[in-house]
>>> print(open('entry_17.txt').read())   # compact mmCIF, C-alpha atoms
# COMPACT_ATOMS: atom_id res chain seq x y z
CA MET P 983 5.57 4.97 -2.69
CA GLN P 984 7.03 5.01 0.81
CA LEU P 985 9.77 7.27 2.14
CA HIS P 986 12.09 6.01 4.86
CA ILE P 987 14.30 8.75 6.30
CA TYR P 988 17.06 8.01 8.83
CA LYS P 989 19.27 10.26 10.90
CA THR P 990 22.56 8.64 9.91
CA VAL P 991 23.95 6.64 7.02
CA ASP P 992 24.63 3.72 9.36
CA GLU P 993 21.00 3.65 10.47
CA LEU P 994 19.89 3.84 6.85
CA LEU P 995 22.13 0.93 5.87
CA GLU P 996 20.96 -1.24 8.77
CA ASN P 997 17.35 -0.68 7.76
CA ILE P 998 17.77 -1.34 4.05
CA ALA P 999 19.76 -4.47 4.93
CA ALA P 1000 16.87 -5.63 7.14
CA TYR P 1001 14.49 -4.87 4.25
CA PHE P 1002 16.66 -6.99 1.94
CA LEU P 1003 16.55 -9.90 4.39
CA HIS P 1004 12.79 -9.58 4.82
CA LEU P 1005 12.09 -9.70 1.08
CA ALA P 1006 14.47 -12.60 0.53
CA ASN P 1007 12.90 -14.64 3.33
CA GLU P 1008 9.41 -13.89 2.00
CA SER P 1009 10.50 -15.28 -1.36
CA PHE P 1010 12.02 -18.37 0.23
CA ALA P 1011 8.83 -18.97 2.24
CA ALA P 1012 6.91 -19.03 -1.05
CA ASN P 1013 9.38 -21.66 -2.33
CA LYS P 1014 10.84 -19.21 -4.80
CA ARG P 1015 14.34 -18.11 -5.57
CA PHE P 1016 15.04 -14.44 -4.93
CA SER P 1017 16.20 -12.44 -7.94
CA VAL P 1018 17.97 -9.17 -7.21
CA ALA P 1019 19.31 -6.50 -9.56
CA LEU P 1020 22.17 -4.59 -7.95
CA PRO P 1021 23.08 -0.94 -8.52
CA GLY P 1022 26.42 0.51 -9.45
CA GLY P 1023 28.17 3.62 -8.24
CA ASN P 1024 29.68 4.28 -4.82
CA SER P 1025 26.60 4.40 -2.58
CA PRO P 1026 25.81 0.65 -2.54
CA LYS P 1027 29.36 -0.37 -1.60
CA LYS P 1028 28.64 0.18 2.10
CA LEU P 1029 25.43 -1.86 1.87
CA PHE P 1030 27.25 -4.71 0.15
CA ALA P 1031 29.94 -4.70 2.82
CA LEU P 1032 27.29 -4.80 5.54
CA LEU P 1033 25.44 -7.73 3.96
CA ALA P 1034 28.71 -9.65 3.67
CA SER P 1035 29.74 -8.88 7.25
CA ASP P 1036 29.64 -11.29 10.18
CA ALA P 1037 26.46 -9.57 11.35
CA TYR P 1038 24.50 -10.59 8.25
CA LYS P 1039 26.27 -13.28 6.25
CA ASP P 1040 24.67 -16.16 8.17
CA LYS P 1041 21.16 -14.72 8.17
CA LEU P 1042 20.22 -15.78 4.64
CA ALA P 1043 20.32 -18.85 2.42
CA TRP P 1044 22.52 -17.04 -0.10
CA SER P 1045 22.52 -20.05 -2.41
CA ASN P 1046 18.85 -19.24 -3.18
CA ILE P 1047 19.57 -15.72 -4.45
CA ASP P 1048 20.40 -14.84 -8.05
CA PHE P 1049 22.24 -11.58 -8.73
CA PHE P 1050 21.84 -9.30 -11.75
CA PHE P 1051 22.98 -5.76 -12.53
CA GLY P 1052 20.57 -2.93 -13.30
CA ASP P 1053 23.26 -1.26 -15.35
CA GLU P 1054 26.91 -1.66 -16.22
CA ARG P 1055 29.71 0.50 -17.50
CA TYR P 1056 31.15 -0.61 -20.82
CA VAL P 1057 34.52 -1.56 -19.42
CA PRO P 1058 36.26 -4.91 -18.86
CA GLN P 1059 34.98 -6.85 -15.86
CA THR P 1060 38.44 -6.45 -14.31
CA SER P 1061 38.28 -2.64 -14.49
CA ALA P 1062 38.04 -0.62 -11.31
CA ASP P 1063 35.07 1.15 -12.94
CA SER P 1064 33.09 -2.07 -13.40
CA ASN P 1065 29.89 -2.38 -11.36
CA PHE P 1066 30.34 -6.14 -11.46
CA LYS P 1067 33.89 -5.96 -10.07
CA MET P 1068 32.84 -3.77 -7.17
CA ALA P 1069 29.94 -6.06 -6.24
CA ASN P 1070 32.06 -9.14 -6.77
CA ASP P 1071 34.89 -7.88 -4.57
CA VAL P 1072 32.71 -6.57 -1.75
CA LEU P 1073 29.64 -8.86 -1.75
CA LEU P 1074 29.69 -11.87 -4.03
CA GLN P 1075 33.15 -13.33 -3.39
CA PRO P 1076 33.05 -12.77 0.39
CA LEU P 1077 29.74 -14.68 0.48
CA ASN P 1078 31.06 -17.42 -1.82
CA ILE P 1079 28.23 -16.89 -4.29
CA ALA P 1080 28.39 -19.55 -7.01
CA ALA P 1081 29.08 -18.45 -10.57
CA LYS P 1082 25.74 -19.89 -11.72
CA GLN P 1083 23.98 -17.36 -9.45
CA ILE P 1084 25.74 -14.32 -10.93
CA PHE P 1085 24.46 -12.78 -14.15
CA ALA P 1086 26.97 -10.15 -15.25
CA VAL P 1087 26.92 -8.15 -18.47
CA ASP P 1088 29.37 -9.54 -21.03
CA THR P 1089 31.31 -6.39 -21.85
CA SER P 1090 33.66 -8.28 -24.17
CA LEU P 1091 30.88 -7.94 -26.77
CA SER P 1092 30.00 -4.74 -28.61
CA PRO P 1093 27.64 -2.46 -26.63
CA ASN P 1094 24.56 -3.43 -28.64
CA ALA P 1095 25.49 -7.11 -28.63
CA ALA P 1096 26.14 -6.98 -24.87
CA ALA P 1097 22.67 -5.51 -24.32
CA GLU P 1098 21.03 -8.12 -26.55
CA ASP P 1099 22.94 -10.95 -24.92
CA TYR P 1100 21.98 -9.78 -21.43
CA TRP P 1101 18.33 -9.50 -22.39
CA ASN P 1102 18.37 -13.01 -23.86
CA ARG P 1103 19.86 -14.38 -20.63
CA ILE P 1104 17.26 -12.58 -18.51
CA GLN P 1105 14.45 -13.95 -20.66
CA ALA P 1106 15.89 -17.44 -20.37
CA TYR P 1107 16.14 -17.04 -16.59
CA PHE P 1108 12.45 -16.19 -16.34
CA ASN P 1109 11.65 -19.09 -18.69
CA GLY P 1110 9.06 -17.32 -20.80
CA ASN P 1111 7.33 -15.64 -17.85
CA GLU P 1112 7.19 -11.93 -17.11
CA GLN P 1113 10.62 -10.55 -16.20
CA ARG P 1114 9.62 -9.69 -12.64
CA PHE P 1115 12.61 -9.29 -10.36
CA GLY P 1116 12.07 -9.77 -6.64
CA LEU P 1117 14.03 -6.60 -5.93
CA ILE P 1118 15.76 -3.93 -7.95
CA ILE P 1119 17.99 -1.59 -5.93
CA LEU P 1120 18.69 1.77 -7.53
CA GLY P 1121 20.94 4.71 -6.84
CA LEU P 1122 20.39 8.32 -7.83
CA GLY P 1123 22.89 10.61 -9.50
CA ASP P 1124 23.09 14.31 -8.71
CA ASN P 1125 21.66 14.89 -12.21
CA ALA P 1126 18.61 12.75 -11.31
CA HIS P 1127 19.68 9.74 -13.38
CA THR P 1128 19.16 6.22 -12.13
CA ALA P 1129 20.60 2.96 -13.49
CA SER P 1130 22.04 4.34 -16.77
CA LEU P 1131 18.93 6.31 -17.62
CA PHE P 1132 20.56 9.69 -18.13
CA PRO P 1133 18.87 13.00 -18.96
CA TYR P 1134 18.03 13.55 -22.62
CA THR P 1135 19.16 10.08 -23.79
CA PRO P 1136 17.03 8.10 -26.28
CA VAL P 1137 16.59 5.18 -23.86
CA LEU P 1138 14.21 7.34 -21.82
CA SER P 1139 11.56 6.96 -24.52
CA GLU P 1140 11.63 3.15 -24.45
CA THR P 1141 8.15 1.72 -23.91
CA VAL P 1142 9.00 -1.98 -23.58
CA ALA P 1143 10.95 -4.00 -21.05
CA GLY P 1144 14.46 -4.78 -22.19
CA ILE P 1145 18.16 -3.99 -22.03
CA ARG P 1146 19.69 -1.18 -24.06
CA SER P 1147 23.11 0.30 -24.71
CA VAL P 1148 23.40 4.02 -24.02
CA PHE P 1149 26.07 6.32 -25.45
CA LEU P 1150 27.01 9.20 -23.16
CA ALA P 1151 28.52 11.82 -25.44
CA ASN P 1152 29.86 13.99 -22.60
CA GLN P 1153 31.81 10.99 -21.28
CA ASN P 1154 32.52 9.43 -24.69
CA THR P 1155 31.52 6.04 -23.33
CA TYR P 1156 28.74 3.47 -23.40
CA ARG P 1157 26.60 2.03 -20.62
CA ILE P 1158 24.32 -1.02 -20.64
CA THR P 1159 21.05 -0.54 -18.76
CA PHE P 1160 17.67 -1.91 -17.81
CA THR P 1161 14.94 0.12 -19.47
CA ALA P 1162 12.44 1.87 -17.21
CA PRO P 1163 9.63 -0.52 -18.27
CA LEU P 1164 11.77 -3.48 -17.15
CA ILE P 1165 12.45 -1.85 -13.78
CA ASN P 1166 8.76 -1.11 -13.40
CA LEU P 1167 7.88 -4.82 -13.69
CA ALA P 1168 9.70 -5.58 -10.43
CA ALA P 1169 7.90 -6.73 -7.32
CA ASN P 1170 9.97 -4.29 -5.26
CA VAL P 1171 12.09 -1.28 -6.21
CA ALA P 1172 14.23 0.51 -3.64
CA PHE P 1173 16.21 3.71 -4.05
CA LEU P 1174 19.28 3.93 -1.80
CA VAL P 1175 20.36 7.57 -1.56
CA TYR P 1176 22.42 9.37 1.05
CA GLY P 1177 24.45 12.52 1.42
CA ASP P 1178 23.78 16.26 1.24
CA ASP P 1179 25.03 16.30 -2.35
CA LYS P 1180 21.99 14.27 -3.42
CA ALA P 1181 19.40 16.50 -1.72
CA ILE P 1182 18.59 18.69 -4.73
CA ALA P 1183 18.22 15.67 -7.04
CA VAL P 1184 15.93 13.94 -4.53
CA LYS P 1185 13.76 17.06 -4.26
CA ARG P 1186 13.52 17.43 -8.04
CA VAL P 1187 12.59 13.80 -8.64
CA LEU P 1188 9.99 13.68 -5.87
CA GLU P 1189 8.58 17.22 -5.95
CA ALA P 1190 9.22 18.88 -9.31
CA GLY P 1191 6.66 18.71 -12.07
CA LYS P 1192 6.86 15.59 -14.21
CA ASN P 1193 9.69 15.97 -16.70
CA THR P 1194 11.37 12.62 -17.26
CA GLY P 1195 13.72 14.01 -19.89
CA ILE P 1196 15.37 16.17 -17.23
CA TYR P 1197 14.68 13.92 -14.21
CA PRO P 1198 14.85 10.32 -15.49
CA ALA P 1199 14.28 8.76 -12.05
CA GLN P 1200 10.70 10.00 -12.32
CA LEU P 1201 10.18 7.16 -14.82
CA ILE P 1202 10.34 4.63 -11.99
CA GLU P 1203 6.75 3.78 -11.11
CA PRO P 1204 6.30 0.02 -10.53
CA LEU P 1205 3.17 -1.29 -12.24
CA ASN P 1206 2.20 -3.93 -9.71
CA GLY P 1207 5.02 -3.62 -7.22
CA LYS P 1208 6.20 -1.49 -4.33
CA LEU P 1209 8.48 1.53 -4.48
CA ASP P 1210 10.53 2.51 -1.42
CA TRP P 1211 12.99 5.35 -1.00
CA PHE P 1212 15.67 4.88 1.69
CA LEU P 1213 17.23 8.27 2.52
CA ASP P 1214 19.40 9.75 5.21
CA GLU P 1215 18.54 13.18 6.60
CA GLY P 1216 21.12 14.80 4.33
CA ALA P 1217 19.55 13.47 1.14
CA ALA P 1218 16.07 14.35 2.42
CA SER P 1219 17.02 17.80 3.66
CA LYS P 1220 15.46 19.75 0.75
CA LEU P 1221 12.11 17.92 0.80
CA SER P 1222 9.05 19.80 1.93
CA SER P 1223 7.22 18.66 5.05
CA THR P 1224 4.24 17.61 2.90
CA THR P 1225 6.36 15.06 1.03
CA GLN P 1226 7.76 13.65 4.27
>>> encode(input="entry_17.txt", output="structure tokens")
Amino acid sequence: MQLHIYKTVDELLENIAAYFLHLANESFAANKRFSVALPGGNSPKKLFALLASDAYKDKLAWSNIDFFFGDERYVPQTSADSNFKMANDVLLQPLNIAAKQIFAVDTSLSPNAAAEDYWNRIQAYFNGNEQRFGLIILGLGDNAHTASLFPYTPVLSETVAGIRSVFLANQNTYRITFTAPLINLAANVAFLVYGDDKAIAVKRVLEAGKNTGIYPAQLIEPLNGKLDWFLDEGAASKLSSTTQ
């Protein structure tokens, strides 16, 4: 695991964007397409806008990148709460990404059927090979959840790679999520976390004793891949000097 701590959010975003470009170009150089699973929530919106900006949009062969979603809210794709809609509005449409490169969760199905359908499409994409994404970008909630792996939910005990539906009783809603074993197959996993309000969660995930039921992000330990945390000074402010 590597920690990357930056003074400002803008510096953080510039560096994770450069990291994204580097990994994509490495994949292209190996004559491979680059498969990326995007996060939801508010934090990645600024990264998506940066990647779609004039400063970055011409730096990659975007037609060689396939986009997935590490989790999705169980809402219509037109909903303001949809992870797909946010990424589509800010990143995918501005870059003119073709529909065949976008793998969104079909939330018109029931939650369990949507999870099964998404898993079938991911397996078909990898054509019988290990479901090893080139990059999975993750956020972190102030309750230490990542993707839709929330504290005390049954999905935390999953031991196989796959997609699952998750019912959040306190929100009376479903989510669709990658399981931790699927995330841990990735070649590269990057947490994007900024803001003082995330500092306690970052400290608990990185420094508290192992308790994945309370701190689900502790489940993320790539098997044969790299794990990077991209933090601003606010999010890293509670970490001890030994961690940094």
>>> residues_around(input="entry_17.txt", residues="segment 1136-1148 of chain P", least_positions_apart="4", cutoff="9 Å", atoms="only C-alpha atoms", output="ChimeraX atom specification")
/P:1053,1056,1093-1101,1113,1130-1132,1155-1167,1194-1195,1198,1201
>>> residues_around(input="entry_17.txt", residues="segment 1034-1046 of chain P", least_positions_apart="5", cutoff="9 Å", atoms="only C-alpha atoms", output="list in words")
Ala999, Leu1003, Ala1006, Asn1007, Phe1010, Lys1014, Arg1015, Phe1016, Ser1017, Leu1029, Val1072, Leu1073, Leu1074, Pro1076, Leu1077, Asn1078, Ile1079, Ala1080 and Gln1083 of chain P
>>> atom_distance(input="entry_17.txt", atom1="atom CA of Ile1119 of chain P", atom2="atom CA of Leu1174 of chain P")
7.0 Å
>>> closest_residue(input="entry_17.txt", among="P:Leu1020, P:Ile987, P:Ala1172, P:Ala1086", to="Lys1208 of chain P", atoms="only C-alpha atoms")
P:Ala1172
>>> residues_around(input="entry_17.txt", residues="Ala1168 of chain P", least_positions_apart="6", cutoff="9 Å", atoms="only C-alpha atoms", output="VMD selection string")
chain P and resid 1113 to 1118 1204 to 1208
>>> closest_residue(input="entry_17.txt", among="P:Asp1071, P:Gly1052, P:Ala1000, P:Asn1013", to="Lys1027 of chain P", atoms="only C-alpha atoms")
P:Asp1071
>>> closest_residue(input="entry_17.txt", among="P:Phe1212, P:Phe1049, P:Tyr1134, P:Phe1030", to="Ala1081 of chain P", atoms="only C-alpha atoms")
P:Phe1049
>>> axis_aligned_box(input="entry_17.txt", around="segment 1026-1044 of chain P", padding_each_side="3 Å", output="JSON")
{"center_x": 25.1, "center_y": -9.1, "center_z": 4.4, "size_x": 15.7, "size_y": 25.5, "size_z": 19.9}
>>> closest_residue(input="entry_17.txt", among="P:Ser1090, P:Gln1059, P:Thr1135, P:Thr1128", to="Phe1173 of chain P", atoms="only C-alpha atoms")
P:Thr1128
>>> closest_residue(input="entry_17.txt", among="P:Ser1061, P:Asn1109, P:Asn1170, P:Thr990", to="Leu1005 of chain P", atoms="only C-alpha atoms")
P:Asn1170
>>> atom_distance(input="entry_17.txt", atom1="atom CA of Thr1225 of chain P", atom2="atom CA of Gly1121 of chain P")
19.5 Å
>>> closest_residue(input="entry_17.txt", among="P:Gly1216, P:Gly1191, P:Gln984, P:Glu1203", to="Asp1178 of chain P", atoms="all atoms listed in the file")
P:Gly1216
>>> residues_near_point(input="entry_17.txt", point="(21.7, -11.2, -10.3)", cutoff="7 Å", atoms="all atoms listed in the file", output="ChimeraX atom specification")
/P:1017-1019,1048-1051,1083-1085
>>> atom_distance(input="entry_17.txt", atom1="atom CA of Lys1220 of chain P", atom2="atom CA of Asn997 of chain P")
21.7 Å
>>> decode(input="entry_17.txt", residues="segment 1129-1151 of chain P", atoms="N, CA, C and O atoms", output="short mmCIF file (atom, residue, chain, number, x, y, z; two decimals), in the first residue's frame")
data_model
loop_
_atom_site.label_atom_id
_atom_site.label_comp_id
_atom_site.auth_asym_id
_atom_site.auth_seq_id
_atom_site.Cartn_x
_atom_site.Cartn_y
_atom_site.Cartn_z
N ALA P 1129 -17.37 1.57 -1.93
CA ALA P 1129 -18.36 1.02 -2.85
C ALA P 1129 -19.70 1.03 -2.08
O ALA P 1129 -20.02 2.01 -1.43
N SER P 1130 -20.46 -0.08 -2.11
CA SER P 1130 -21.63 -0.15 -1.23
C SER P 1130 -21.44 -1.28 -0.23
O SER P 1130 -22.35 -2.07 0.06
N LEU P 1131 -20.24 -1.33 0.30
CA LEU P 1131 -19.90 -2.26 1.38
C LEU P 1131 -20.04 -1.48 2.69
O LEU P 1131 -19.11 -0.82 3.14
N PHE P 1132 -21.23 -1.56 3.26
CA PHE P 1132 -21.56 -0.78 4.45
C PHE P 1132 -21.36 -1.59 5.72
O PHE P 1132 -21.48 -2.83 5.69
N PRO P 1133 -21.09 -0.93 6.85
CA PRO P 1133 -20.92 -1.65 8.11
C PRO P 1133 -22.10 -2.58 8.41
O PRO P 1133 -23.26 -2.22 8.18
N TYR P 1134 -21.75 -3.75 8.88
CA TYR P 1134 -22.70 -4.74 9.40
C TYR P 1134 -23.64 -5.33 8.34
O TYR P 1134 -24.64 -5.96 8.69
N THR P 1135 -23.35 -5.15 7.05
CA THR P 1135 -24.22 -5.73 6.03
C THR P 1135 -23.70 -7.12 5.63
O THR P 1135 -22.49 -7.38 5.68
N PRO P 1136 -24.59 -8.03 5.22
CA PRO P 1136 -24.18 -9.40 4.91
C PRO P 1136 -23.14 -9.51 3.80
O PRO P 1136 -22.35 -10.46 3.78
N VAL P 1137 -23.12 -8.54 2.89
CA VAL P 1137 -22.19 -8.61 1.76
C VAL P 1137 -20.73 -8.60 2.23
O VAL P 1137 -19.84 -9.07 1.51
N LEU P 1138 -20.48 -8.13 3.43
CA LEU P 1138 -19.11 -8.08 3.94
C LEU P 1138 -18.52 -9.47 4.14
O LEU P 1138 -17.29 -9.62 4.16
N SER P 1139 -19.37 -10.46 4.27
CA SER P 1139 -18.87 -11.83 4.50
C SER P 1139 -18.69 -12.61 3.21
O SER P 1139 -18.30 -13.78 3.23
N GLU P 1140 -18.95 -11.99 2.06
CA GLU P 1140 -18.78 -12.67 0.78
C GLU P 1140 -17.31 -13.07 0.58
O GLU P 1140 -16.41 -12.28 0.82
N THR P 1141 -17.12 -14.30 0.12
CA THR P 1141 -15.76 -14.81 -0.07
C THR P 1141 -15.41 -15.03 -1.53
O THR P 1141 -14.30 -15.47 -1.84
N VAL P 1142 -16.34 -14.73 -2.44
CA VAL P 1142 -16.07 -14.93 -3.86
C VAL P 1142 -16.33 -13.64 -4.62
O VAL P 1142 -17.12 -12.79 -4.20
N ALA P 1143 -15.63 -13.50 -5.73
CA ALA P 1143 -15.83 -12.34 -6.60
C ALA P 1143 -17.24 -12.37 -7.18
O ALA P 1143 -17.74 -13.43 -7.59
N GLY P 1144 -17.87 -11.22 -7.22
CA GLY P 1144 -19.21 -11.16 -7.79
C GLY P 1144 -19.84 -9.81 -7.57
O GLY P 1144 -19.20 -8.86 -7.10
N ILE P 1145 -21.11 -9.72 -7.93
CA ILE P 1145 -21.92 -8.51 -7.73
C ILE P 1145 -23.09 -8.89 -6.83
O ILE P 1145 -23.71 -9.94 -7.02
N ARG P 1146 -23.39 -8.05 -5.86
CA ARG P 1146 -24.48 -8.36 -4.94
C ARG P 1146 -25.38 -7.13 -4.76
O ARG P 1146 -24.94 -5.99 -4.89
N SER P 1147 -26.64 -7.39 -4.45
CA SER P 1147 -27.53 -6.32 -4.01
C SER P 1147 -27.43 -6.21 -2.49
O SER P 1147 -27.21 -7.21 -1.80
N VAL P 1148 -27.54 -5.00 -2.00
CA VAL P 1148 -27.41 -4.72 -0.57
C VAL P 1148 -28.60 -3.88 -0.14
O VAL P 1148 -28.86 -2.83 -0.75
N PHE P 1149 -29.31 -4.32 0.89
CA PHE P 1149 -30.42 -3.53 1.41
C PHE P 1149 -29.92 -2.73 2.60
O PHE P 1149 -29.37 -3.29 3.56
N LEU P 1150 -30.10 -1.42 2.55
CA LEU P 1150 -29.72 -0.54 3.65
C LEU P 1150 -30.97 -0.15 4.41
O LEU P 1150 -31.74 0.70 3.98
N ALA P 1151 -31.17 -0.80 5.55
CA ALA P 1151 -32.42 -0.63 6.29
C ALA P 1151 -32.60 0.82 6.76
O ALA P 1151 -33.71 1.34 6.75
#
